[in-house]
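The next block is model.cif, given as mmCIF, C-alpha atoms and all ligand atoms.
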```
data_entry
loop_
_atom_site.group_PDB
_atom_site.id
_atom_site.type_symbol
_atom_site.label_atom_id
_atom_site.label_comp_id
_atom_site.auth_asym_id
_atom_site.auth_seq_id
_atom_site.Cartn_x
_atom_site.Cartn_y
_atom_site.Cartn_z
ATOM 1 C CA MET A 21 -10.108 -18.723 -31.560
ATOM 2 C CA THR A 22 -8.993 -20.226 -34.849
ATOM 3 C CA ASP A 23 -9.660 -23.780 -35.863
ATOM 4 C CA ASN A 24 -6.068 -24.870 -35.505
ATOM 5 C CA ASN A 25 -5.330 -22.639 -32.536
ATOM 6 C CA ILE A 26 -2.376 -20.953 -34.143
ATOM 7 C CA LYS A 27 -0.812 -19.039 -31.320
ATOM 8 C CA GLU A 28 0.713 -16.319 -33.516
ATOM 9 C CA ILE A 29 -2.732 -15.486 -34.880
ATOM 10 C CA GLU A 30 -4.403 -15.549 -31.505
ATOM 11 C CA ASN A 31 -1.743 -13.267 -30.157
ATOM 12 C CA LEU A 32 -2.207 -10.797 -33.017
ATOM 13 C CA ILE A 33 -5.978 -10.803 -32.591
ATOM 14 C CA LYS A 34 -5.507 -10.110 -28.891
ATOM 15 C CA ILE A 35 -3.266 -7.119 -29.593
ATOM 16 C CA ILE A 36 -5.435 -5.678 -32.357
ATOM 17 C CA SER A 37 -8.590 -5.983 -30.271
ATOM 18 C CA ARG A 38 -7.024 -3.515 -27.833
ATOM 19 C CA LEU A 39 -7.167 -0.778 -30.480
ATOM 20 C CA PRO A 40 -9.963 1.779 -30.262
ATOM 21 C CA GLY A 41 -13.136 0.757 -32.035
ATOM 22 C CA LEU A 42 -12.031 -2.831 -32.521
ATOM 23 C CA GLY A 43 -13.459 -5.648 -30.466
ATOM 24 C CA PRO A 44 -12.361 -9.286 -30.768
ATOM 25 C CA LYS A 45 -14.706 -9.854 -33.714
ATOM 26 C CA SER A 46 -13.438 -7.008 -35.881
ATOM 27 C CA ALA A 47 -9.878 -7.744 -34.778
ATOM 28 C CA LYS A 48 -10.301 -11.219 -36.181
ATOM 29 C CA ARG A 49 -11.495 -9.759 -39.481
ATOM 30 C CA VAL A 50 -8.527 -7.400 -39.587
ATOM 31 C CA VAL A 51 -6.127 -10.265 -38.991
ATOM 32 C CA LEU A 52 -7.730 -12.414 -41.683
ATOM 33 C CA LYS A 53 -7.463 -9.540 -44.132
ATOM 34 C CA LEU A 54 -3.801 -9.112 -43.237
ATOM 35 C CA ILE A 55 -3.066 -12.774 -43.732
ATOM 36 C CA ASN A 56 -4.845 -12.838 -47.069
ATOM 37 C CA LYS A 57 -2.778 -9.854 -48.221
ATOM 38 C CA ARG A 58 0.570 -10.765 -46.741
ATOM 39 C CA GLU A 59 2.705 -8.983 -49.317
ATOM 40 C CA GLU A 60 0.510 -5.921 -49.798
ATOM 41 C CA LEU A 61 -0.347 -5.382 -46.137
ATOM 42 C CA ILE A 62 1.764 -7.259 -43.614
ATOM 43 C CA LYS A 63 5.120 -6.220 -45.026
ATOM 44 C CA PRO A 64 4.429 -2.486 -45.393
ATOM 45 C CA LEU A 65 2.561 -2.425 -42.087
ATOM 46 C CA THR A 66 5.451 -4.043 -40.242
ATOM 47 C CA ASN A 67 7.790 -1.545 -41.820
ATOM 48 C CA ALA A 68 5.570 1.466 -41.079
ATOM 49 C CA LEU A 69 5.108 0.416 -37.448
ATOM 50 C CA ALA A 70 8.846 -0.015 -36.987
ATOM 51 C CA GLN A 71 9.459 3.438 -38.466
ATOM 52 C CA VAL A 72 6.915 5.062 -36.177
ATOM 53 C CA TYR A 73 8.290 3.212 -33.160
ATOM 54 C CA LYS A 74 11.821 4.339 -33.978
ATOM 55 C CA ASN A 75 11.289 7.840 -35.287
ATOM 56 C CA VAL A 76 8.225 9.381 -33.681
ATOM 57 C CA VAL A 77 8.517 10.725 -30.161
ATOM 58 C CA ARG A 78 6.630 13.040 -27.902
ATOM 59 C CA CYS A 79 8.096 16.549 -27.643
ATOM 60 C CA GLU A 80 8.970 17.175 -24.001
ATOM 61 C CA ASN A 81 8.257 20.859 -24.401
ATOM 62 C CA CYS A 82 4.760 20.903 -25.904
ATOM 63 C CA GLY A 83 3.634 17.278 -25.733
ATOM 64 C CA ASN A 84 2.959 17.027 -29.456
ATOM 65 C CA LEU A 85 4.337 14.233 -31.587
ATOM 66 C CA LYS A 86 7.454 14.980 -33.545
ATOM 67 C CA SER A 87 10.032 13.328 -35.693
ATOM 68 C CA VAL A 88 13.041 12.314 -33.636
ATOM 69 C CA ASN A 89 15.533 14.135 -35.893
ATOM 70 C CA ILE A 90 13.638 17.353 -36.370
ATOM 71 C CA ASN A 91 13.228 20.237 -33.942
ATOM 72 C CA CYS A 92 9.648 20.615 -32.835
ATOM 73 C CA ILE A 93 7.726 23.568 -34.229
ATOM 74 C CA CYS A 94 7.206 24.803 -30.639
ATOM 75 C CA LEU A 95 10.931 25.546 -30.428
ATOM 76 C CA THR A 96 11.388 27.042 -33.856
ATOM 77 C CA LYS A 97 8.446 29.400 -34.171
ATOM 78 C CA ASN A 98 7.182 32.307 -32.128
ATOM 79 C CA TYR A 99 3.587 32.469 -31.067
ATOM 80 C CA ASP A 100 1.395 34.432 -28.721
ATOM 81 C CA GLN A 101 -1.462 31.982 -28.188
ATOM 82 C CA ILE A 102 -1.424 28.477 -26.758
ATOM 83 C CA CYS A 103 -4.404 26.162 -26.632
ATOM 84 C CA VAL A 104 -4.043 23.637 -23.809
ATOM 85 C CA VAL A 105 -5.608 20.227 -24.391
ATOM 86 C CA GLU A 106 -5.513 16.922 -22.570
ATOM 87 C CA ASN A 107 -4.385 14.705 -25.412
ATOM 88 C CA ILE A 108 -3.580 14.555 -29.095
ATOM 89 C CA ALA A 109 -7.042 13.324 -30.060
ATOM 90 C CA ASP A 110 -8.453 16.535 -28.539
ATOM 91 C CA MET A 111 -6.040 18.631 -30.571
ATOM 92 C CA TRP A 112 -7.053 16.861 -33.767
ATOM 93 C CA VAL A 113 -10.737 17.462 -33.035
ATOM 94 C CA ILE A 114 -10.134 21.193 -32.527
ATOM 95 C CA GLU A 115 -7.889 21.363 -35.594
ATOM 96 C CA ASN A 116 -10.652 19.784 -37.654
ATOM 97 C CA THR A 117 -13.080 22.547 -36.779
ATOM 98 C CA GLY A 118 -10.619 25.010 -38.335
ATOM 99 C CA ILE A 119 -11.477 27.660 -35.761
ATOM 100 C CA TYR A 120 -8.044 27.803 -34.146
ATOM 101 C CA LYS A 121 -4.784 27.935 -36.051
ATOM 102 C CA GLY A 122 -2.341 28.625 -33.253
ATOM 103 C CA HIS A 123 -0.067 26.505 -31.135
ATOM 104 C CA TYR A 124 -1.111 23.690 -28.858
ATOM 105 C CA HIS A 125 0.091 22.303 -25.593
ATOM 106 C CA ILE A 126 -0.744 18.683 -24.931
ATOM 107 C CA LEU A 127 -0.784 17.873 -21.242
ATOM 108 C CA GLY A 128 -0.870 14.116 -21.586
ATOM 109 C CA GLY A 129 -3.894 13.616 -19.334
ATOM 110 C CA THR A 130 -5.551 15.238 -16.367
ATOM 111 C CA LEU A 131 -4.751 15.651 -12.705
ATOM 112 C CA PRO A 132 -6.336 13.105 -10.437
ATOM 113 C CA THR A 133 -9.157 14.726 -8.501
ATOM 114 C CA PHE A 134 -8.635 13.198 -5.114
ATOM 115 C CA GLU A 135 -4.975 12.266 -4.845
ATOM 116 C CA GLY A 136 -3.804 15.784 -4.221
ATOM 117 C CA LYS A 137 -2.351 18.192 -6.701
ATOM 118 C CA ASN A 138 1.225 17.175 -6.096
ATOM 119 C CA ASN A 139 0.629 14.101 -8.148
ATOM 120 C CA LYS A 140 1.161 15.516 -11.607
ATOM 121 C CA LYS A 141 1.728 12.092 -13.173
ATOM 122 C CA GLY A 142 4.140 13.366 -15.785
ATOM 123 C CA LEU A 143 1.703 15.971 -17.073
ATOM 124 C CA LEU A 144 3.452 18.725 -19.003
ATOM 125 C CA ILE A 145 2.442 21.574 -16.729
ATOM 126 C CA ASP A 146 5.871 22.936 -15.807
ATOM 127 C CA SER A 147 6.824 23.086 -19.462
ATOM 128 C CA LEU A 148 3.641 25.022 -20.206
ATOM 129 C CA VAL A 149 4.677 27.622 -17.640
ATOM 130 C CA ASN A 150 8.097 27.749 -19.300
ATOM 131 C CA ARG A 151 6.600 28.248 -22.730
ATOM 132 C CA VAL A 152 4.453 31.091 -21.473
ATOM 133 C CA LYS A 153 7.513 32.679 -19.885
ATOM 134 C CA LYS A 154 9.845 32.270 -22.847
ATOM 135 C CA ASN A 155 7.533 33.243 -25.674
ATOM 136 C CA SER A 156 5.742 36.147 -24.027
ATOM 137 C CA VAL A 157 2.470 34.398 -24.761
ATOM 138 C CA LYS A 158 -0.565 36.664 -24.647
ATOM 139 C CA GLU A 159 -3.350 34.140 -24.303
ATOM 140 C CA VAL A 160 -3.627 30.638 -22.901
ATOM 141 C CA ILE A 161 -6.843 28.910 -23.927
ATOM 142 C CA LEU A 162 -7.785 26.143 -21.544
ATOM 143 C CA ALA A 163 -9.554 23.511 -23.610
ATOM 144 C CA THR A 164 -9.671 20.753 -21.054
ATOM 145 C CA SER A 165 -12.786 18.604 -20.858
ATOM 146 C CA ALA A 166 -15.917 19.617 -18.988
ATOM 147 C CA THR A 167 -15.309 16.774 -16.539
ATOM 148 C CA VAL A 168 -14.302 17.114 -12.893
ATOM 149 C CA GLU A 169 -10.755 16.038 -13.755
ATOM 150 C CA GLY A 170 -10.568 18.437 -16.707
ATOM 151 C CA GLN A 171 -11.749 21.346 -14.610
ATOM 152 C CA THR A 172 -9.453 20.450 -11.698
ATOM 153 C CA THR A 173 -6.571 20.489 -14.145
ATOM 154 C CA ALA A 174 -7.674 23.826 -15.614
ATOM 155 C CA HIS A 175 -7.752 25.355 -12.129
ATOM 156 C CA TYR A 176 -4.325 24.032 -11.340
ATOM 157 C CA ILE A 177 -2.900 25.522 -14.560
ATOM 158 C CA GLN A 178 -4.607 28.822 -13.912
ATOM 159 C CA ASP A 179 -2.983 28.861 -10.495
ATOM 160 C CA SER A 180 0.440 27.973 -11.911
ATOM 161 C CA LEU A 181 0.217 30.907 -14.314
ATOM 162 C CA LYS A 182 -1.020 33.499 -11.868
ATOM 163 C CA ASP A 183 2.337 35.286 -11.669
ATOM 164 C CA TYR A 184 2.525 35.843 -15.407
ATOM 165 C CA LYS A 185 0.959 38.563 -17.452
ATOM 166 C CA VAL A 186 -1.095 36.311 -19.634
ATOM 167 C CA LYS A 187 -4.767 36.266 -20.432
ATOM 168 C CA ILE A 188 -6.289 32.916 -19.545
ATOM 169 C CA THR A 189 -9.494 31.930 -21.253
ATOM 170 C CA LYS A 190 -11.531 28.790 -21.140
ATOM 171 C CA LEU A 191 -14.047 27.282 -23.483
ATOM 172 C CA ALA A 192 -17.596 28.499 -22.990
ATOM 173 C CA GLN A 193 -20.783 26.538 -22.514
ATOM 174 C CA GLY A 194 -21.800 24.516 -25.468
ATOM 175 C CA ILE A 195 -19.770 21.652 -24.203
ATOM 176 C CA SER A 196 -22.100 20.044 -21.745
ATOM 177 C CA VAL A 197 -20.840 19.076 -18.336
ATOM 178 C CA GLY A 198 -19.154 15.703 -18.352
ATOM 179 C CA THR A 199 -18.224 15.824 -22.026
ATOM 180 C CA GLU A 200 -14.708 15.026 -23.110
ATOM 181 C CA ILE A 201 -13.355 17.253 -25.880
ATOM 182 C CA GLU A 202 -12.612 14.257 -28.050
ATOM 183 C CA PHE A 203 -16.288 13.365 -28.172
ATOM 184 C CA ALA A 204 -17.789 16.846 -28.445
ATOM 185 C CA ASP A 205 -19.515 17.581 -31.740
ATOM 186 C CA ASP A 206 -18.063 20.211 -34.056
ATOM 187 C CA GLY A 207 -20.917 22.679 -33.521
ATOM 188 C CA SER A 208 -20.565 22.671 -29.752
ATOM 189 C CA LEU A 209 -16.837 22.969 -30.009
ATOM 190 C CA LEU A 210 -17.023 25.897 -32.416
ATOM 191 C CA SER A 211 -19.399 27.809 -30.197
ATOM 192 C CA ALA A 212 -17.374 26.988 -27.095
ATOM 193 C CA PHE A 213 -14.253 28.277 -28.770
ATOM 194 C CA LYS A 214 -15.823 31.430 -30.129
ATOM 195 C CA ASN A 215 -17.401 32.312 -26.804
ATOM 196 C CA ARG A 216 -14.439 31.422 -24.657
ATOM 197 C CA SER A 217 -14.309 33.632 -21.616
ATOM 198 C CA PRO A 218 -11.472 35.135 -19.623
ATOM 199 C CA ILE A 219 -10.890 33.600 -16.248
ATOM 200 C CA ILE A 220 -10.946 36.276 -13.617
ATOM 201 C CA THR A 221 -8.202 36.059 -11.066
ATOM 202 C CA ASN A 222 -7.767 38.302 -8.100
HETATM 203 ZN ZN ZN A 301 7.136 20.750 -29.135
#
```
As structure tokens, please, write out the structure in this file.
Ligand SMILES: [Zn+2]
Amino acid sequence: MTDNNIKEIENLIKIISRLPGLGPKSAKRVVLKLINKREELIKPLTNALAQVYKNVVRCENCGNLKSVNINCICLTKNYDQICVVENIADMWVIENTGIYKGHYHILGGTLPTFEGKNNKKGLLIDSLVNRVKKNSVKEVILATSATVEGQTTAHYIQDSLKDYKVKITKLAQGISVGTEIEFADDGSLLSAFKNRSPIITN
């Protein structure tokens, strides 16, 4: 890849090209920039990455990121609404719209559609049920994607919560079928949130 085939550089380009939005070409540009600014960029970046690696973990209760030494907000504050999303990117998108200011629950993915519902793949569904139980939550907003997997997951959660006195709502139309929350535009997301509808259970 480089004229002298420096293996350290090739390795770095390979890693960086795995980041979202960066193909091999832009990864190469990033690496060149880094090398040209060794002191200003490589040093602080190495340090910042090490800090994140060491100190940032996923909360086992709500799935959000937290500092390793600090209690997660989900354990220290009371709340009566939880918005359930598939991943952190989805939460950030909803946060950006400013329409919802409550707590989140980040599942960490979706249930596989065909492998049977026993395969929860480490999704934080049991802990969601616990949070609902412990905090006397009044509303759970299911903001999973309008994909088959997202909807399968929403159904499973709805079923898991059927014994609790909690209102379950899901995002309304506006998010077209097949759209992942992360890629929905703000307008659609706002209208889907505003018009969220209760899920009727029998
Ligand atoms: Zn938490």
task = Throw together the list of residues within 7 Å of ligand ZN 301 (chain A), counting all atoms listed in the file, and drop it here as a list in words.
result =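 The distance check yields Cys79, Glu80, Asn81, Cys82, Gly83, Asn84, Cys92, Ile93, Cys94 and Leu95 of chain A.
This file gives the following result for the PyMOL selection byres (((chain A and resi 212-216) around 10) and not hetatm): Ile114, Thr117, Ile119, Tyr120, Ile161, Leu162, Ala163, Ile188, Thr189, Lys190, Leu191, Ala192, Gln193, Gly194, Ile195, Ser196, Asp206, Gly207, Ser208, Leu209, Leu210, Ser211, Ser217, Pro218 and Ile219 of chain A.
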key: Point-to-point distance in Å for CA of Leu148 in chain A and CA of Val77 in chain A   = 18.1 Å
message = Given the point (10.1, 12.0, -36.1) in the file's coordinates, find the residues that have an atom at most 7 Å from it, counting only C-alpha atoms, and give them as number ranges by chain.
response = A: 75-77, 86-90
message = Restricting the calculation to all atoms listed in the file: of A:Arg58, A:Arg49, A:Lys74, A:Lys187, which residue gets closest to Gln101 in chain A?
response =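 For Gln101 in chain A, the nearest of the given residues is A:Lys187.
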ask   = To one decimal place, how far is CA of Glu60 in chain A from CA of Ser46 in chain A in Å?
value =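 Atom-to-atom, CA of Glu60 in chain A to CA of Ser46 in chain A, that is 19.7 Å.
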query = Written as a VMD selection string, what is the full residue list that the PyMOL selection byres (((chain A and resi 54) around 12) and not hetatm) yields on the file shown?
reply = chain A and resid 29 32 to 33 36 47 to 53 55 to 66
Output check: residues returned by the PyMOL selection byres (((chain A and resi 181) around 10) and not hetatm), as a compact mmCIF listing (two decimals) with C-alpha atoms, keeping the file's coordinate frame:
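After the write, expr04.txt holds the following:
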```txt
# COMPACT_ATOMS: atom_id res chain seq x y z
CA ILE A 145 2.44 21.57 -16.73
CA ASP A 146 5.87 22.94 -15.81
CA LEU A 148 3.64 25.02 -20.21
CA VAL A 149 4.68 27.62 -17.64
CA ASN A 150 8.10 27.75 -19.30
CA VAL A 152 4.45 31.09 -21.47
CA LYS A 153 7.51 32.68 -19.89
CA VAL A 160 -3.63 30.64 -22.90
CA HIS A 175 -7.75 25.36 -12.13
CA TYR A 176 -4.32 24.03 -11.34
CA ILE A 177 -2.90 25.52 -14.56
CA GLN A 178 -4.61 28.82 -13.91
CA ASP A 179 -2.98 28.86 -10.50
CA SER A 180 0.44 27.97 -11.91
CA LYS A 182 -1.02 33.50 -11.87
CA ASP A 183 2.34 35.29 -11.67
CA TYR A 184 2.52 35.84 -15.41
CA LYS A 185 0.96 38.56 -17.45
CA VAL A 186 -1.10 36.31 -19.63
CA LYS A 187 -4.77 36.27 -20.43
CA ILE A 188 -6.29 32.92 -19.55
```
Starting from the block above, write range 21-65 of chain A out to a file with N, CA and C atoms, as an mmCIF file, in the first residue's frame, please.
```cif
data_model
loop_
_atom_site.group_PDB
_atom_site.id
_atom_site.type_symbol
_atom_site.label_atom_id
_atom_site.label_comp_id
_atom_site.auth_asym_id
_atom_site.auth_seq_id
_atom_site.Cartn_x
_atom_site.Cartn_y
_atom_site.Cartn_z
ATOM 1 N N MET A 21 0.817 -1.204 0.000
ATOM 2 C CA MET A 21 0.000 0.000 0.000
ATOM 3 C C MET A 21 0.856 1.261 0.000
ATOM 4 N N THR A 22 1.932 1.226 0.776
ATOM 5 C CA THR A 22 2.857 2.367 0.743
ATOM 6 C C THR A 22 4.070 1.960 -0.078
ATOM 7 N N ASP A 23 4.815 2.948 -0.495
ATOM 8 C CA ASP A 23 5.942 2.661 -1.377
ATOM 9 C C ASP A 23 6.942 1.684 -0.760
ATOM 10 N N ASN A 24 7.206 1.884 0.521
ATOM 11 C CA ASN A 24 8.202 1.024 1.159
ATOM 12 C C ASN A 24 7.586 -0.166 1.879
ATOM 13 N N ASN A 25 6.282 -0.327 1.716
ATOM 14 C CA ASN A 25 5.594 -1.415 2.415
ATOM 15 C C ASN A 25 5.901 -1.476 3.910
ATOM 16 N N ILE A 26 5.665 -0.393 4.571
ATOM 17 C CA ILE A 26 5.920 -0.389 6.019
ATOM 18 C C ILE A 26 4.759 -1.099 6.709
ATOM 19 N N LYS A 27 5.076 -2.168 7.390
ATOM 20 C CA LYS A 27 3.966 -3.008 7.862
ATOM 21 C C LYS A 27 3.150 -2.345 8.968
ATOM 22 N N GLU A 28 3.782 -1.498 9.770
ATOM 23 C CA GLU A 28 3.039 -0.774 10.811
ATOM 24 C C GLU A 28 1.970 0.124 10.176
ATOM 25 N N ILE A 29 2.345 0.781 9.083
ATOM 26 C CA ILE A 29 1.403 1.692 8.431
ATOM 27 C C ILE A 29 0.274 0.909 7.760
ATOM 28 N N GLU A 30 0.652 -0.149 7.101
ATOM 29 C CA GLU A 30 -0.385 -0.964 6.446
ATOM 30 C C GLU A 30 -1.376 -1.508 7.463
ATOM 31 N N ASN A 31 -0.849 -1.913 8.585
ATOM 32 C CA ASN A 31 -1.698 -2.449 9.635
ATOM 33 C C ASN A 31 -2.674 -1.377 10.148
ATOM 34 N N LEU A 32 -2.161 -0.170 10.357
ATOM 35 C CA LEU A 32 -2.993 0.921 10.842
ATOM 36 C C LEU A 32 -4.070 1.284 9.818
ATOM 37 N N ILE A 33 -3.693 1.322 8.562
ATOM 38 C CA ILE A 33 -4.668 1.624 7.511
ATOM 39 C C ILE A 33 -5.776 0.567 7.514
ATOM 40 N N LYS A 34 -5.374 -0.672 7.680
ATOM 41 C CA LYS A 34 -6.335 -1.778 7.692
ATOM 42 C C LYS A 34 -7.343 -1.596 8.836
ATOM 43 N N ILE A 35 -6.830 -1.244 10.000
ATOM 44 C CA ILE A 35 -7.715 -1.074 11.166
ATOM 45 C C ILE A 35 -8.642 0.125 10.959
ATOM 46 N N ILE A 36 -8.067 1.237 10.525
ATOM 47 C CA ILE A 36 -8.866 2.462 10.392
ATOM 48 C C ILE A 36 -9.921 2.319 9.293
ATOM 49 N N SER A 37 -9.616 1.532 8.277
ATOM 50 C CA SER A 37 -10.608 1.376 7.201
ATOM 51 C C SER A 37 -11.804 0.541 7.646
ATOM 52 N N ARG A 38 -11.722 -0.025 8.847
ATOM 53 C CA ARG A 38 -12.898 -0.756 9.367
ATOM 54 C C ARG A 38 -13.867 0.176 10.090
ATOM 55 N N LEU A 39 -13.476 1.434 10.271
ATOM 56 C CA LEU A 39 -14.363 2.386 10.949
ATOM 57 C C LEU A 39 -15.465 2.839 10.000
ATOM 58 N N PRO A 40 -16.629 3.201 10.582
ATOM 59 C CA PRO A 40 -17.739 3.604 9.715
ATOM 60 C C PRO A 40 -17.385 4.823 8.871
ATOM 61 N N GLY A 41 -17.757 4.788 7.625
ATOM 62 C CA GLY A 41 -17.555 5.931 6.747
ATOM 63 C C GLY A 41 -16.151 6.049 6.184
ATOM 64 N N LEU A 42 -15.278 5.129 6.553
ATOM 65 C CA LEU A 42 -13.901 5.211 6.065
ATOM 66 C C LEU A 42 -13.526 3.972 5.254
ATOM 67 N N GLY A 43 -13.314 4.153 3.993
ATOM 68 C CA GLY A 43 -12.805 3.056 3.175
ATOM 69 C C GLY A 43 -11.289 3.098 3.187
ATOM 70 N N PRO A 44 -10.638 2.198 2.457
ATOM 71 C CA PRO A 44 -9.175 2.155 2.435
ATOM 72 C C PRO A 44 -8.549 3.487 2.011
ATOM 73 N N LYS A 45 -9.203 4.184 1.075
ATOM 74 C CA LYS A 45 -8.635 5.435 0.577
ATOM 75 C C LYS A 45 -8.600 6.500 1.660
ATOM 76 N N SER A 46 -9.762 6.715 2.323
ATOM 77 C CA SER A 46 -9.783 7.747 3.359
ATOM 78 C C SER A 46 -8.970 7.298 4.569
ATOM 79 N N ALA A 47 -8.909 6.008 4.811
ATOM 80 C CA ALA A 47 -8.092 5.512 5.924
ATOM 81 C C ALA A 47 -6.629 5.885 5.686
ATOM 82 N N LYS A 48 -6.216 5.779 4.452
ATOM 83 C CA LYS A 48 -4.839 6.114 4.111
ATOM 84 C C LYS A 48 -4.580 7.599 4.374
ATOM 85 N N ARG A 49 -5.582 8.429 4.030
ATOM 86 C CA ARG A 49 -5.426 9.866 4.271
ATOM 87 C C ARG A 49 -5.357 10.174 5.761
ATOM 88 N N VAL A 50 -6.196 9.469 6.527
ATOM 89 C CA VAL A 50 -6.179 9.657 7.982
ATOM 90 C C VAL A 50 -4.797 9.311 8.535
ATOM 91 N N VAL A 51 -4.275 8.186 8.088
ATOM 92 C CA VAL A 51 -2.983 7.727 8.602
ATOM 93 C C VAL A 51 -1.865 8.709 8.224
ATOM 94 N N LEU A 52 -1.908 9.209 7.009
ATOM 95 C CA LEU A 52 -0.890 10.181 6.594
ATOM 96 C C LEU A 52 -0.946 11.436 7.452
ATOM 97 N N LYS A 53 -2.180 11.875 7.713
ATOM 98 C CA LYS A 53 -2.371 13.053 8.566
ATOM 99 C C LYS A 53 -1.782 12.797 9.952
ATOM 100 N N LEU A 54 -2.063 11.609 10.485
ATOM 101 C CA LEU A 54 -1.552 11.257 11.806
ATOM 102 C C LEU A 54 -0.028 11.296 11.832
ATOM 103 N N ILE A 55 0.563 10.715 10.791
ATOM 104 C CA ILE A 55 2.016 10.635 10.769
ATOM 105 C C ILE A 55 2.649 12.030 10.634
ATOM 106 N N ASN A 56 1.972 12.878 9.864
ATOM 107 C CA ASN A 56 2.494 14.232 9.701
ATOM 108 C C ASN A 56 2.347 15.062 10.963
ATOM 109 N N LYS A 57 1.436 14.646 11.837
ATOM 110 C CA LYS A 57 1.207 15.402 13.088
ATOM 111 C C LYS A 57 1.440 14.472 14.273
ATOM 112 N N ARG A 58 2.574 13.846 14.288
ATOM 113 C CA ARG A 58 2.830 12.839 15.329
ATOM 114 C C ARG A 58 2.552 13.371 16.724
ATOM 115 N N GLU A 59 3.178 14.523 17.041
ATOM 116 C CA GLU A 59 3.076 15.025 18.416
ATOM 117 C C GLU A 59 1.669 15.522 18.725
ATOM 118 N N GLU A 60 1.079 16.256 17.783
ATOM 119 C CA GLU A 60 -0.243 16.835 18.049
ATOM 120 C C GLU A 60 -1.357 15.804 17.985
ATOM 121 N N LEU A 61 -1.201 14.759 17.177
ATOM 122 C CA LEU A 61 -2.307 13.820 17.014
ATOM 123 C C LEU A 61 -2.030 12.419 17.555
ATOM 124 N N ILE A 62 -0.922 11.830 17.181
ATOM 125 C CA ILE A 62 -0.727 10.422 17.565
ATOM 126 C C ILE A 62 -0.662 10.253 19.081
ATOM 127 N N LYS A 63 0.100 11.126 19.722
ATOM 128 C CA LYS A 63 0.244 10.998 21.180
ATOM 129 C C LYS A 63 -1.094 11.144 21.905
ATOM 130 N N PRO A 64 -1.803 12.289 21.703
ATOM 131 C CA PRO A 64 -3.071 12.422 22.419
ATOM 132 C C PRO A 64 -4.098 11.367 22.021
ATOM 133 N N LEU A 65 -4.068 10.945 20.770
ATOM 134 C CA LEU A 65 -5.020 9.917 20.332
ATOM 135 C C LEU A 65 -4.744 8.586 21.036
#
```
